[in-house]
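Colleague: Contents of start-v9.txt (compact mmCIF, C-alpha atoms):
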# COMPACT_ATOMS: atom_id res chain seq x y z
CA MET A 72 10.28 -28.40 -61.00
CA MET A 73 12.76 -25.49 -60.84
CA ILE A 74 15.75 -25.73 -58.48
CA ASN A 75 14.63 -22.70 -56.50
CA GLU A 76 11.19 -24.26 -56.03
CA LYS A 77 12.82 -27.37 -54.56
CA ILE A 78 14.85 -25.20 -52.18
CA VAL A 79 11.71 -23.40 -51.03
CA ILE A 80 9.92 -26.71 -50.40
CA GLU A 81 12.89 -28.16 -48.50
CA GLN A 82 13.16 -25.07 -46.30
CA ARG A 83 9.42 -25.10 -45.60
CA LEU A 84 9.57 -28.79 -44.70
CA SER A 85 12.49 -28.18 -42.33
CA ASP A 86 10.63 -25.34 -40.60
CA LEU A 87 7.46 -27.40 -40.26
CA MET A 88 9.36 -30.35 -38.81
CA GLU A 89 11.18 -28.25 -36.23
CA LYS A 90 7.97 -26.59 -35.10
CA ALA A 91 6.11 -29.90 -34.89
CA MET A 92 8.88 -31.47 -32.81
CA ARG A 93 8.93 -28.55 -30.38
CA ASP A 94 5.18 -28.83 -29.90
CA ILE A 95 4.97 -32.59 -29.41
CA LEU A 96 8.01 -33.38 -27.25
CA PRO A 97 6.11 -32.71 -23.97
CA LEU A 98 3.50 -35.27 -25.05
CA PHE A 99 6.20 -37.90 -25.46
CA GLN A 100 6.71 -37.87 -21.68
CA ARG A 101 3.06 -38.89 -21.16
CA ILE A 102 3.38 -41.69 -23.72
CA GLU A 103 6.57 -42.94 -22.07
CA ALA A 104 4.92 -42.93 -18.61
CA VAL A 105 2.19 -45.24 -19.93
CA GLU A 106 4.82 -47.37 -21.65
CA GLU A 107 6.70 -47.77 -18.37
CA GLU A 108 3.60 -48.87 -16.46
CA ASN A 109 2.64 -51.38 -19.15
CA GLN A 110 6.20 -52.68 -19.43
CA ARG A 111 6.33 -53.18 -15.67
CA ARG A 112 3.10 -55.20 -15.76
CA VAL A 113 4.31 -57.39 -18.63
CA LEU A 114 7.73 -57.97 -17.06
CA GLU A 115 6.23 -58.90 -13.69
CA SER A 116 3.94 -61.40 -15.36
CA PHE A 117 6.82 -63.05 -17.23
CA ARG A 118 8.69 -63.40 -13.94
CA ARG A 119 5.62 -64.60 -12.04
CA HIS A 120 5.02 -67.40 -14.54
CA LYS A 121 8.72 -68.30 -14.71
CA VAL A 122 8.96 -68.00 -18.47
CA SER A 123 12.01 -69.92 -19.70
CA ASP A 124 13.51 -70.96 -23.01
CA ALA A 125 11.77 -74.33 -22.59
CA HIS A 126 8.46 -72.50 -23.17
CA PHE A 127 9.55 -71.55 -26.70
CA GLN A 128 9.46 -75.16 -27.95
CA GLY A 129 6.18 -75.71 -29.79
CA THR A 130 4.19 -78.79 -30.69
CA THR A 131 2.98 -80.47 -33.87
CA GLY A 132 -0.06 -82.55 -34.82
CA TYR A 133 -2.86 -82.18 -32.30
CA GLY A 134 -0.78 -80.04 -29.97
CA TYR A 135 -1.66 -81.91 -26.80
CA ASP A 136 0.17 -80.99 -23.57
CA ASP A 137 1.73 -77.85 -25.00
CA PHE A 138 2.98 -76.27 -21.78
CA GLY A 139 4.57 -73.34 -23.64
CA ARG A 140 1.18 -72.46 -25.12
CA GLU A 141 -0.47 -72.87 -21.71
CA THR A 142 2.10 -70.57 -20.11
CA LEU A 143 1.70 -67.96 -22.85
CA GLU A 144 -2.06 -67.96 -22.31
CA ALA A 145 -1.59 -67.66 -18.55
CA VAL A 146 0.69 -64.64 -19.11
CA TYR A 147 -1.85 -63.02 -21.44
CA ALA A 148 -4.65 -63.53 -18.91
CA ASP A 149 -2.45 -62.03 -16.20
CA VAL A 150 -1.31 -59.02 -18.24
CA PHE A 151 -4.88 -58.26 -19.36
CA GLY A 152 -6.43 -58.76 -15.92
CA ALA A 153 -8.56 -61.69 -17.09
CA GLU A 154 -9.50 -65.16 -15.86
CA SER A 155 -8.48 -66.94 -19.04
CA ALA A 156 -6.94 -66.42 -22.48
CA LEU A 157 -6.89 -68.04 -25.91
CA VAL A 158 -3.74 -67.06 -27.87
CA ARG A 159 -3.23 -69.01 -31.08
CA PRO A 160 -1.40 -68.73 -34.42
CA GLN A 161 -4.46 -70.33 -36.05
CA ILE A 162 -6.47 -67.12 -35.49
CA MET A 163 -5.96 -65.33 -38.80
CA SER A 164 -6.96 -61.75 -38.02
CA GLY A 165 -8.79 -59.45 -35.65
CA THR A 166 -11.97 -60.14 -37.62
CA HIS A 167 -11.44 -63.87 -37.09
CA ALA A 168 -10.86 -63.41 -33.34
CA ILE A 169 -14.05 -61.34 -33.06
CA THR A 170 -15.95 -63.93 -35.12
CA LEU A 171 -14.88 -66.63 -32.64
CA ALA A 172 -16.27 -64.50 -29.82
CA LEU A 173 -19.59 -63.88 -31.60
CA PHE A 174 -20.18 -67.46 -32.71
CA GLY A 175 -18.89 -68.84 -29.42
CA VAL A 176 -21.33 -66.90 -27.25
CA LEU A 177 -24.41 -66.40 -29.44
CA ARG A 178 -27.04 -68.99 -30.28
CA PRO A 179 -30.15 -68.97 -32.53
CA ASP A 180 -32.77 -66.44 -31.37
CA ASP A 181 -30.15 -64.50 -29.36
CA GLU A 182 -29.60 -60.82 -30.01
CA LEU A 183 -26.33 -58.95 -30.49
CA LEU A 184 -26.43 -55.25 -29.63
CA TYR A 185 -23.63 -53.08 -31.06
CA ILE A 186 -23.60 -49.86 -29.04
CA THR A 187 -20.83 -47.94 -30.86
CA GLY A 188 -22.50 -47.63 -34.24
CA ARG A 189 -22.01 -49.95 -37.18
CA PRO A 190 -18.94 -52.12 -36.72
CA TYR A 191 -15.84 -52.29 -38.89
CA ASP A 192 -16.58 -53.09 -42.54
CA THR A 193 -15.37 -56.69 -42.52
CA LEU A 194 -17.62 -57.53 -39.57
CA GLU A 195 -20.79 -56.44 -41.32
CA GLY A 196 -20.66 -59.58 -43.47
CA VAL A 197 -19.96 -61.75 -40.41
CA ILE A 198 -22.98 -60.36 -38.60
CA GLY A 199 -25.25 -60.15 -41.62
CA LEU A 200 -25.71 -56.38 -41.65
CA ARG A 201 -25.10 -56.43 -45.41
CA PRO A 202 -25.04 -59.11 -48.10
CA GLY A 203 -21.79 -61.00 -47.90
CA GLY A 204 -20.35 -64.34 -47.01
CA ASP A 205 -22.40 -67.45 -46.44
CA GLY A 206 -22.92 -68.47 -42.81
CA SER A 207 -23.35 -65.10 -41.07
CA LEU A 208 -24.97 -64.74 -37.66
CA ALA A 209 -28.17 -63.74 -39.44
CA ASP A 210 -28.15 -67.08 -41.29
CA PHE A 211 -28.37 -68.80 -37.89
CA GLY A 212 -31.27 -66.70 -36.67
CA ILE A 213 -29.16 -64.37 -34.54
CA THR A 214 -30.33 -60.78 -34.80
CA CYS A 215 -28.33 -57.60 -34.43
CA ARG A 216 -29.31 -54.05 -33.60
CA VAL A 217 -27.03 -51.03 -33.74
CA ILE A 218 -27.10 -47.99 -31.47
CA GLU A 219 -25.13 -44.99 -32.67
CA LEU A 220 -22.80 -42.99 -30.47
CA GLU A 221 -24.12 -39.71 -29.09
CA ASP A 222 -21.57 -36.90 -29.44
CA GLY A 223 -18.81 -39.50 -29.57
CA LYS A 224 -19.96 -41.28 -26.42
CA ILE A 225 -21.96 -44.41 -25.67
CA ASP A 226 -25.59 -43.42 -25.04
CA ILE A 227 -25.84 -45.44 -21.84
CA ALA A 228 -29.44 -44.55 -21.03
CA ARG A 229 -30.60 -45.53 -24.51
CA VAL A 230 -28.57 -48.75 -24.38
CA ASN A 231 -30.12 -49.82 -21.08
CA GLN A 232 -33.59 -49.17 -22.46
CA ALA A 233 -32.82 -51.20 -25.58
CA ILE A 234 -31.56 -54.35 -23.84
CA THR A 235 -34.14 -57.13 -23.55
CA SER A 236 -34.10 -60.68 -22.20
CA GLN A 237 -33.16 -61.78 -25.73
CA THR A 238 -30.01 -59.63 -25.74
CA LYS A 239 -27.14 -62.04 -25.11
CA MET A 240 -24.15 -59.87 -26.04
CA VAL A 241 -23.48 -56.14 -25.95
CA ALA A 242 -20.53 -55.23 -28.17
CA ILE A 243 -18.24 -52.19 -28.05
CA GLN A 244 -15.74 -51.32 -30.77
CA ARG A 245 -13.00 -49.42 -28.98
CA SER A 246 -11.25 -48.08 -32.09
CA ARG A 247 -12.69 -45.82 -34.75
CA GLY A 248 -12.17 -48.38 -37.53
CA TYR A 249 -12.86 -46.80 -40.92
CA ALA A 250 -15.31 -44.26 -39.49
CA CYS A 251 -15.48 -40.57 -38.56
CA ARG A 252 -15.87 -41.24 -34.86
CA PRO A 253 -13.56 -41.05 -31.86
CA SER A 254 -12.02 -44.06 -30.21
CA LEU A 255 -13.21 -44.77 -26.67
CA SER A 256 -11.17 -44.34 -23.50
CA ILE A 257 -10.89 -47.04 -20.85
CA ASN A 258 -12.59 -44.74 -18.34
CA HIS A 259 -15.61 -44.30 -20.61
CA ILE A 260 -15.75 -48.04 -21.32
CA LYS A 261 -15.61 -48.66 -17.56
CA GLU A 262 -18.52 -46.28 -16.99
CA ALA A 263 -20.60 -47.96 -19.68
CA ILE A 264 -19.86 -51.50 -18.47
CA LYS A 265 -20.81 -50.69 -14.88
CA ALA A 266 -24.07 -49.00 -15.85
CA ILE A 267 -25.08 -51.83 -18.19
CA LYS A 268 -24.11 -54.62 -15.78
CA ASP A 269 -25.94 -52.95 -12.90
CA ASP A 270 -29.20 -53.09 -14.87
CA HIS A 271 -28.56 -56.17 -17.02
CA PRO A 272 -26.15 -58.60 -15.34
CA HIS A 273 -27.10 -61.41 -17.76
CA VAL A 274 -25.43 -59.89 -20.85
CA CYS A 275 -21.92 -60.64 -22.06
CA LEU A 276 -19.97 -57.38 -22.50
CA PHE A 277 -17.66 -57.86 -25.46
CA ILE A 278 -14.92 -55.42 -26.54
CA ASP A 279 -13.21 -55.31 -29.92
CA ASN A 280 -9.79 -54.21 -28.65
CA CYS A 281 -7.97 -54.02 -32.01
CA TYR A 282 -5.46 -51.12 -32.13
CA GLY A 283 -6.03 -50.37 -28.42
CA GLU A 284 -3.67 -52.66 -26.53
CA PHE A 285 -1.07 -50.87 -24.36
CA VAL A 286 -2.15 -47.40 -25.51
CA GLU A 287 -3.50 -46.75 -22.01
CA ASP A 288 -2.29 -48.27 -18.75
CA ARG A 289 -5.27 -50.63 -18.47
CA GLU A 290 -7.19 -52.93 -20.77
CA PRO A 291 -10.99 -53.39 -21.00
CA THR A 292 -10.82 -56.60 -18.94
CA HIS A 293 -9.31 -54.57 -16.08
CA VAL A 294 -12.57 -52.59 -15.91
CA GLY A 295 -15.13 -55.37 -16.15
CA ALA A 296 -15.33 -56.53 -19.77
CA ASP A 297 -16.42 -60.17 -20.05
CA LEU A 298 -14.64 -60.94 -23.31
CA VAL A 299 -12.02 -59.05 -25.34
CA ALA A 300 -10.49 -59.89 -28.72
CA GLY A 301 -7.64 -58.62 -30.86
CA SER A 302 -4.97 -59.43 -33.42
CA LEU A 303 -1.33 -60.35 -32.90
CA ILE A 304 -0.27 -58.56 -36.09
CA LYS A 305 -1.37 -55.38 -34.36
CA ASN A 306 -0.16 -53.97 -31.03
CA PRO A 307 0.50 -57.10 -28.92
CA GLY A 308 2.70 -58.76 -31.56
CA ALA A 309 5.10 -55.79 -31.82
CA GLY A 310 5.84 -56.63 -35.45
CA LEU A 311 7.46 -59.95 -34.55
CA VAL A 312 4.45 -62.27 -34.69
CA PRO A 313 3.73 -63.54 -38.22
CA SER A 314 0.11 -64.52 -37.54
CA GLY A 315 -2.37 -65.02 -34.75
CA GLY A 316 -4.95 -63.50 -32.48
CA TYR A 317 -6.11 -63.58 -28.89
CA LEU A 318 -9.20 -63.58 -26.71
CA VAL A 319 -9.14 -62.82 -22.99
CA GLY A 320 -11.89 -62.61 -20.41
CA ARG A 321 -14.07 -64.74 -18.18
CA LYS A 322 -13.24 -68.43 -18.44
CA LYS A 323 -16.71 -69.54 -19.52
CA TRP A 324 -16.74 -67.17 -22.49
CA VAL A 325 -13.14 -67.85 -23.54
CA ASP A 326 -13.86 -71.59 -23.44
CA LYS A 327 -16.86 -71.13 -25.74
CA ALA A 328 -14.71 -69.19 -28.24
CA ALA A 329 -12.07 -71.94 -28.07
CA GLU A 330 -14.67 -74.53 -29.06
CA ARG A 331 -15.45 -72.49 -32.16
CA LEU A 332 -11.76 -72.34 -33.05
CA SER A 333 -11.20 -76.09 -32.67
CA ALA A 334 -14.34 -78.21 -32.20
CA PRO A 335 -17.00 -78.77 -29.53
CA GLY A 336 -15.50 -80.96 -26.86
CA LEU A 337 -11.90 -80.15 -27.84
CA GLY A 338 -11.66 -76.45 -26.99
CA LYS A 339 -8.28 -75.24 -25.72
CA GLU A 340 -6.79 -78.72 -25.37
CA VAL A 341 -5.66 -78.91 -28.99
CA GLY A 342 -3.77 -76.59 -31.31
CA PRO A 343 -0.15 -77.05 -32.37
CA THR A 344 2.15 -74.05 -32.02
CA GLY A 345 5.12 -75.13 -34.15
CA ASP A 346 7.73 -72.38 -34.05
CA ALA A 347 5.23 -69.63 -33.12
CA LEU A 348 5.79 -69.43 -29.36
CA LYS A 349 9.07 -67.52 -29.18
CA PRO A 350 7.90 -64.55 -31.32
CA MET A 351 4.58 -64.52 -29.41
CA PHE A 352 6.37 -64.25 -26.06
CA GLN A 353 8.93 -61.77 -27.37
CA GLY A 354 6.29 -59.72 -29.18
CA LEU A 355 4.24 -59.37 -26.01
CA PHE A 356 7.34 -58.32 -24.08
CA LEU A 357 8.17 -55.61 -26.65
CA ALA A 358 4.56 -54.53 -27.22
CA PRO A 359 4.47 -51.63 -24.70
CA HIS A 360 7.56 -50.04 -26.28
CA THR A 361 6.56 -50.65 -29.89
CA THR A 362 3.08 -49.28 -29.23
CA ALA A 363 4.62 -46.17 -27.67
CA GLU A 364 6.82 -45.65 -30.76
CA ALA A 365 3.75 -45.91 -33.02
CA LEU A 366 1.85 -43.44 -30.83
CA LYS A 367 4.68 -40.92 -31.08
CA GLY A 368 4.53 -41.29 -34.86
CA ALA A 369 0.77 -40.70 -34.87
CA VAL A 370 1.16 -37.53 -32.78
CA PHE A 371 3.85 -36.24 -35.15
CA ALA A 372 1.74 -36.99 -38.24
CA SER A 373 -1.26 -35.22 -36.74
CA ARG A 374 0.72 -32.14 -35.79
CA ILE A 375 2.64 -31.58 -39.01
CA LEU A 376 -0.25 -32.39 -41.37
CA GLU A 377 -2.52 -29.97 -39.51
CA GLU A 378 0.07 -27.28 -40.24
CA VAL A 379 -0.53 -27.63 -43.99
CA GLY A 380 -4.30 -27.43 -43.68
CA LEU A 381 -5.29 -31.12 -43.54
CA LEU A 382 -7.82 -32.23 -40.94
CA ALA A 383 -6.39 -34.80 -38.54
CA GLU A 384 -8.40 -36.85 -36.06
CA PRO A 385 -7.53 -37.13 -33.26
CA LYS A 386 -5.85 -33.75 -32.88
CA TRP A 387 -2.16 -33.94 -32.04
CA ASN A 388 -2.72 -33.01 -28.38
CA ASP A 389 -5.91 -35.05 -27.82
CA PRO A 390 -5.84 -38.01 -25.41
CA ARG A 391 -5.18 -41.29 -27.25
CA THR A 392 -6.84 -44.64 -26.74
CA ASP A 393 -5.88 -46.40 -29.97
CA LEU A 394 -3.17 -46.24 -32.64
CA VAL A 395 -5.32 -45.01 -35.49
CA GLN A 396 -4.61 -41.56 -36.90
CA SER A 397 -7.07 -40.46 -39.54
CA ILE A 398 -6.24 -37.76 -42.08
CA ILE A 399 -9.10 -36.22 -44.06
CA PHE A 400 -8.08 -35.11 -47.55
CA HIS A 401 -11.46 -34.11 -49.06
CA ASP A 402 -9.90 -35.08 -52.38
CA ARG A 403 -9.33 -38.46 -54.05
CA GLU A 404 -6.07 -37.44 -55.74
CA ARG A 405 -4.49 -36.13 -52.54
CA MET A 406 -5.40 -39.29 -50.62
CA ILE A 407 -3.93 -41.56 -53.29
CA ALA A 408 -0.72 -39.50 -53.56
CA PHE A 409 -0.25 -39.57 -49.77
CA CYS A 410 -0.67 -43.35 -49.50
CA GLN A 411 1.64 -43.96 -52.46
CA ALA A 412 4.32 -41.80 -50.83
CA ILE A 413 4.04 -43.76 -47.57
CA GLN A 414 4.52 -46.99 -49.53
CA ALA A 415 7.57 -45.50 -51.23
CA THR A 416 9.14 -44.89 -47.79
CA SER A 417 8.59 -48.46 -46.58
CA PRO A 418 11.29 -51.06 -45.89
CA VAL A 419 9.45 -53.70 -47.92
CA ASN A 420 8.04 -53.26 -51.45
CA ALA A 421 8.95 -49.57 -51.61
CA HIS A 422 9.11 -49.96 -55.39
CA VAL A 423 5.47 -51.09 -55.60
CA LEU A 424 2.79 -48.52 -56.43
CA PRO A 425 -0.47 -49.10 -54.52
CA VAL A 426 -3.62 -48.26 -56.45
CA PRO A 427 -7.31 -48.26 -55.43
CA SER A 428 -8.70 -51.79 -55.81
CA PRO A 429 -11.64 -53.93 -54.70
CA MET A 430 -10.99 -55.81 -51.44
CA PRO A 431 -12.99 -58.61 -49.80
CA GLY A 432 -15.27 -57.25 -47.09
CA TYR A 433 -15.48 -53.69 -48.44
CA ASP A 434 -18.10 -52.03 -50.63
CA ASP A 435 -15.70 -49.34 -51.89
CA GLU A 436 -12.32 -49.56 -53.55
CA VAL A 437 -9.50 -49.48 -51.00
CA ILE A 438 -5.99 -48.11 -51.33
CA MET A 439 -3.48 -49.71 -48.99
CA ALA A 440 0.10 -48.67 -48.39
CA SER A 441 1.54 -51.59 -46.47
CA GLY A 442 5.25 -52.12 -46.99
CA THR A 443 5.46 -54.39 -43.98
CA PHE A 444 7.51 -57.43 -42.95
CA VAL A 445 4.28 -59.19 -41.91
CA GLN A 446 1.56 -59.00 -44.54
CA GLY A 447 -1.18 -56.59 -43.40
CA SER A 448 0.54 -55.84 -40.10
CA SER A 449 -0.82 -52.56 -38.74
CA ILE A 450 1.61 -52.25 -35.85
CA GLU A 451 4.03 -51.62 -38.72
CA LEU A 452 3.48 -48.38 -40.62
CA THR A 453 0.49 -48.52 -42.95
CA ALA A 454 -1.76 -45.93 -44.57
CA ASP A 455 -5.00 -47.05 -46.11
CA GLY A 456 -8.68 -46.42 -46.46
CA PRO A 457 -11.73 -46.83 -48.68
CA LEU A 458 -12.01 -44.37 -51.57
CA ARG A 459 -15.19 -42.57 -50.53
CA PRO A 460 -15.92 -39.06 -49.27
CA PRO A 461 -14.51 -37.43 -47.22
CA TYR A 462 -11.47 -39.37 -48.53
CA MET A 463 -10.00 -40.31 -45.20
CA ALA A 464 -6.74 -42.24 -44.88
CA PHE A 465 -5.94 -44.14 -41.72
CA VAL A 466 -2.30 -44.02 -40.68
CA GLN A 467 -1.44 -46.80 -38.26
CA GLY A 468 1.60 -48.21 -36.58
CA GLY A 469 5.31 -47.76 -37.01
CA LEU A 470 7.92 -50.00 -35.39
CA THR A 471 10.05 -46.91 -34.71
CA PHE A 472 9.10 -43.28 -34.39
CA ILE A 473 11.92 -42.24 -36.73
CA HIS A 474 10.53 -44.38 -39.55
CA VAL A 475 7.08 -42.76 -39.19
CA LYS A 476 8.69 -39.32 -39.16
CA LEU A 477 10.69 -39.99 -42.33
CA ALA A 478 7.69 -41.47 -44.16
CA VAL A 479 5.33 -38.64 -43.25
CA MET A 480 7.92 -36.05 -44.26
CA ASN A 481 8.35 -37.76 -47.63
CA ALA A 482 4.58 -37.87 -48.15
CA LEU A 483 4.33 -34.18 -47.31
CA LYS A 484 7.13 -33.40 -49.75
CA VAL A 485 5.29 -35.28 -52.53
CA LEU A 486 2.07 -33.39 -51.82
CA MET A 487 3.92 -30.07 -51.95
CA GLU A 488 5.71 -30.93 -55.18
CA LYS A 489 2.38 -31.84 -56.78
CA GLN A 490 0.88 -28.63 -55.36
CA LEU A 491 -1.77 -30.65 -53.51
CA VAL A 492 -1.22 -28.79 -50.22
Go through the file and emit its structure as structure tokens.
Modeller:
Amino acid sequence: MMINEKIVIEQRLSDLMEKAMRDILPLFQRIEAVEEENQRRVLESFRRHKVSDAHFQGTTGYGYDDFGRETLEAVYADVFGAESALVRPQIMSGTHAITLALFGVLRPDDELLYITGRPYDTLEGVIGLRPGGDGSLADFGITCRVIELEDGKIDIARVNQAITSQTKMVAIQRSRGYACRPSLSINHIKEAIKAIKDDHPHVCLFIDNCYGEFVEDREPTHVGADLVAGSLIKNPGAGLVPSGGYLVGRKKWVDKAAERLSAPGLGKEVGPTGDALKPMFQGLFLAPHTTAEALKGAVFASRILEEVGLLAEPKWNDPRTDLVQSIIFHDRERMIAFCQAIQATSPVNAHVLPVPSPMPGYDDEVIMASGTFVQGSSIELTADGPLRPPYMAFVQGGLTFIHVKLAVMNALKVLMEKQLV
């Protein structure tokens, strides 16, 4: 590339960045207002439950009488507006947490009704919506039906008509996952829960809350959800928690999930925490701020990438209810180049070149830029997606806004140098 071409690109990048920052700064005030409300709620809960350094000492073996673990779960229940919580390092992922909810509540001949379209790819094998792992819900005689969103909203009338006496659980995926659909606001989830519960009080309303925690000033359990699940290597772990997941909700449903995690009759009474408690407490305390930093990064990415003709969902000034920022490239080469440039601007494994590869749980090859301190952590900056039309990458997380800004600017520079935008 000629020197003058580099100068032109650098000047264009500088102009784009300045314009994007001018446009998005007013939105940062909204994000910070939500952060402040969530931080207040978390801080008050820590004080209410008298969290002390004694609560950071974990247990070994069976984990009996782990009062640090019990206090952490009481804080989680309080912060999420729930009766009970299960927060454990033994929960390996969001998919695992959701699986505990499904297998804890559902029994043979029960029906699961997903009312936000087909769930996230890795859950399709759990449920039995496609051939996959042995021991799916379908293998146990549990059926599943899917109702698609209507214009990005839950079709409440259709859902109420579809529910039968066999329907045990109604499931809502709050985030878009790897799909061309919007995430759902707490107000819309509240509306759906009320309408469904009014007509069908017997069902368990379950929410997959992955990527949604602390994005708004309330959680699904604040508006009537019976059971909610998520991952600690996403929002609530703030990048500090090396593994784990959580479930919050009504005590009877949380207890059933706990018996799937441990064993029937043991439930929440067992489960050693080792040295996991301190980062779990500290991660929860920092989660409102870290989530706000990631949201600022998503808004910046959306704004500046729109300026070069890429389609970003949500739009930079749209309301946000999860961390996920999708970028549609309509081109395999552009998507790969973008993800590789994000990896190259990571603090960990920046020298590694991600390439499309098969991944367990996915039908398509996946490219994953994930130069994170915690493997697979998506509260840290990642960019990934399955290689299939319309070639959509999902940009998630960022422990600091500045890191997201630097990485996105580098990715944009790479695309310009390769004449891909």
Colleague: Which is closer to Ala228 (chain A) than all the others in A:Ile186, A:Val419, A:Leu318, A:Ile213, using all atoms listed in the file?
Modeller: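 Among the listed residues, A:Ile186 lies closest to Ala228 (chain A).
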Colleague: Figure out the distance between CA of Val241 (chain A) and CA of His271 (chain A), please, to one decimal in Å.
Modeller: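 These atoms are spaced 10.3 Å apart.
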Colleague: Around (-0.2, -80.8, -37.0), as given in the file, which residues come within 12 Å? Count all atoms listed in the file and list them as a list in words.
Modeller: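 Here is the list of nearby residues: Gly129, Thr130, Thr131, Gly132, Tyr133, Gly134, Tyr135, Gln161, Val341, Gly342, Pro343, Thr344, Gly345 and Asp346 of chain A.
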Colleague: Please identify all polymer residues within 10 Å of Lys121 (chain A), counting all atoms listed in the file, omitting same-chain residues fewer than 4 positions from it, and present them as number ranges by chain.
Modeller: A: 115-117, 126, 142, 146
Colleague: Of the candidates A:Ser123, A:Ser155, A:Thr238, A:Gln490, which one gets nearest to Ala328 (chain A) if we count all atoms listed in the file?
Modeller: A:Ser155
Colleague: I want to know what sits within 9 Å of Ile169 (chain A), based on all atoms listed in the file, with residues of the same chain fewer than 2 positions away left out; could you give that as a ChimeraX atom specification?
Modeller: /A:164-167,171-174,194,278-279,299-301,318
Colleague: Go through A:Asn258, A:Thr170, A:Thr471, A:Ser302 one by one, measure the shortest atom-to-atom distance of each to Ser207 (chain A) using all atoms listed in the file, and give the residue with the smallest value.
Modeller: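 Ranked by minimum distance to Ser207 (chain A), first place goes to A:Thr170.
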Colleague: Please list as a ChimeraX atom specification every residue within 12 Å of region 85-88 of chain A, counting all atoms listed in the file and excluding residues in the same chain fewer than 3 positions away.
Modeller: /A:78-82,91-95,371-379,476-477,479-481,483-484
Colleague: For the residues in the current selection, export C-alpha atoms as a PDB file, in the frame of the given file.
Modeller:
ATOM      1  CA  ILE A  78      14.850 -25.200 -52.180  1.00  0.00           C
ATOM      2  CA  VAL A  79      11.710 -23.400 -51.030  1.00  0.00           C
ATOM      3  CA  ILE A  80       9.920 -26.710 -50.400  1.00  0.00           C
ATOM      4  CA  GLU A  81      12.890 -28.160 -48.500  1.00  0.00           C
ATOM      5  CA  GLN A  82      13.160 -25.070 -46.300  1.00  0.00           C
ATOM      6  CA  ALA A  91       6.110 -29.900 -34.890  1.00  0.00           C
ATOM      7  CA  MET A  92       8.880 -31.470 -32.810  1.00  0.00           C
ATOM      8  CA  ARG A  93       8.930 -28.550 -30.380  1.00  0.00           C
ATOM      9  CA  ASP A  94       5.180 -28.830 -29.900  1.00  0.00           C
ATOM     10  CA  ILE A  95       4.970 -32.590 -29.410  1.00  0.00           C
ATOM     11  CA  PHE A 371       3.850 -36.240 -35.150  1.00  0.00           C
ATOM     12  CA  ALA A 372       1.740 -36.990 -38.240  1.00  0.00           C
ATOM     13  CA  SER A 373      -1.260 -35.220 -36.740  1.00  0.00           C
ATOM     14  CA  ARG A 374       0.720 -32.140 -35.790  1.00  0.00           C
ATOM     15  CA  ILE A 375       2.640 -31.580 -39.010  1.00  0.00           C
ATOM     16  CA  LEU A 376      -0.250 -32.390 -41.370  1.00  0.00           C
ATOM     17  CA  GLU A 377      -2.520 -29.970 -39.510  1.00  0.00           C
ATOM     18  CA  GLU A 378       0.070 -27.280 -40.240  1.00  0.00           C
ATOM     19  CA  VAL A 379      -0.530 -27.630 -43.990  1.00  0.00           C
ATOM     20  CA  LYS A 476       8.690 -39.320 -39.160  1.00  0.00           C
ATOM     21  CA  LEU A 477      10.690 -39.990 -42.330  1.00  0.00           C
ATOM     22  CA  VAL A 479       5.330 -38.640 -43.250  1.00  0.00           C
ATOM     23  CA  MET A 480       7.920 -36.050 -44.260  1.00  0.00           C
ATOM     24  CA  ASN A 481       8.350 -37.760 -47.630  1.00  0.00           C
ATOM     25  CA  LEU A 483       4.330 -34.180 -47.310  1.00  0.00           C
ATOM     26  CA  LYS A 484       7.130 -33.400 -49.750  1.00  0.00           C
TER      27      LYS A 484
END
Colleague: With N, CA and C atoms as the atom set, please write region 291-299 of chain A from the structure just given, as a compact mmCIF listing (two decimals), in the first residue's frame.
Modeller:
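Output contents, as saved in decode.txt:
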# COMPACT_ATOMS: atom_id res chain seq x y z
N PRO A 291 -35.76 -10.09 34.73
CA PRO A 291 -37.05 -10.76 34.47
C PRO A 291 -37.77 -11.22 35.74
N THR A 292 -37.02 -11.60 36.78
CA THR A 292 -37.67 -12.01 38.02
C THR A 292 -38.36 -10.85 38.73
N HIS A 293 -37.95 -9.62 38.45
CA HIS A 293 -38.64 -8.46 39.02
C HIS A 293 -40.03 -8.29 38.42
N VAL A 294 -40.28 -8.89 37.25
CA VAL A 294 -41.56 -8.69 36.57
C VAL A 294 -42.36 -9.98 36.44
N GLY A 295 -42.05 -10.97 37.29
CA GLY A 295 -42.91 -12.14 37.36
C GLY A 295 -42.38 -13.43 36.81
N ALA A 296 -41.16 -13.47 36.29
CA ALA A 296 -40.62 -14.73 35.78
C ALA A 296 -40.47 -15.73 36.92
N ASP A 297 -40.79 -16.99 36.65
CA ASP A 297 -40.68 -18.04 37.67
C ASP A 297 -39.27 -18.55 37.84
N LEU A 298 -38.50 -18.57 36.75
CA LEU A 298 -37.16 -19.14 36.79
C LEU A 298 -36.32 -18.45 35.72
N VAL A 299 -35.10 -18.07 36.07
CA VAL A 299 -34.20 -17.34 35.18
C VAL A 299 -32.82 -17.97 35.29
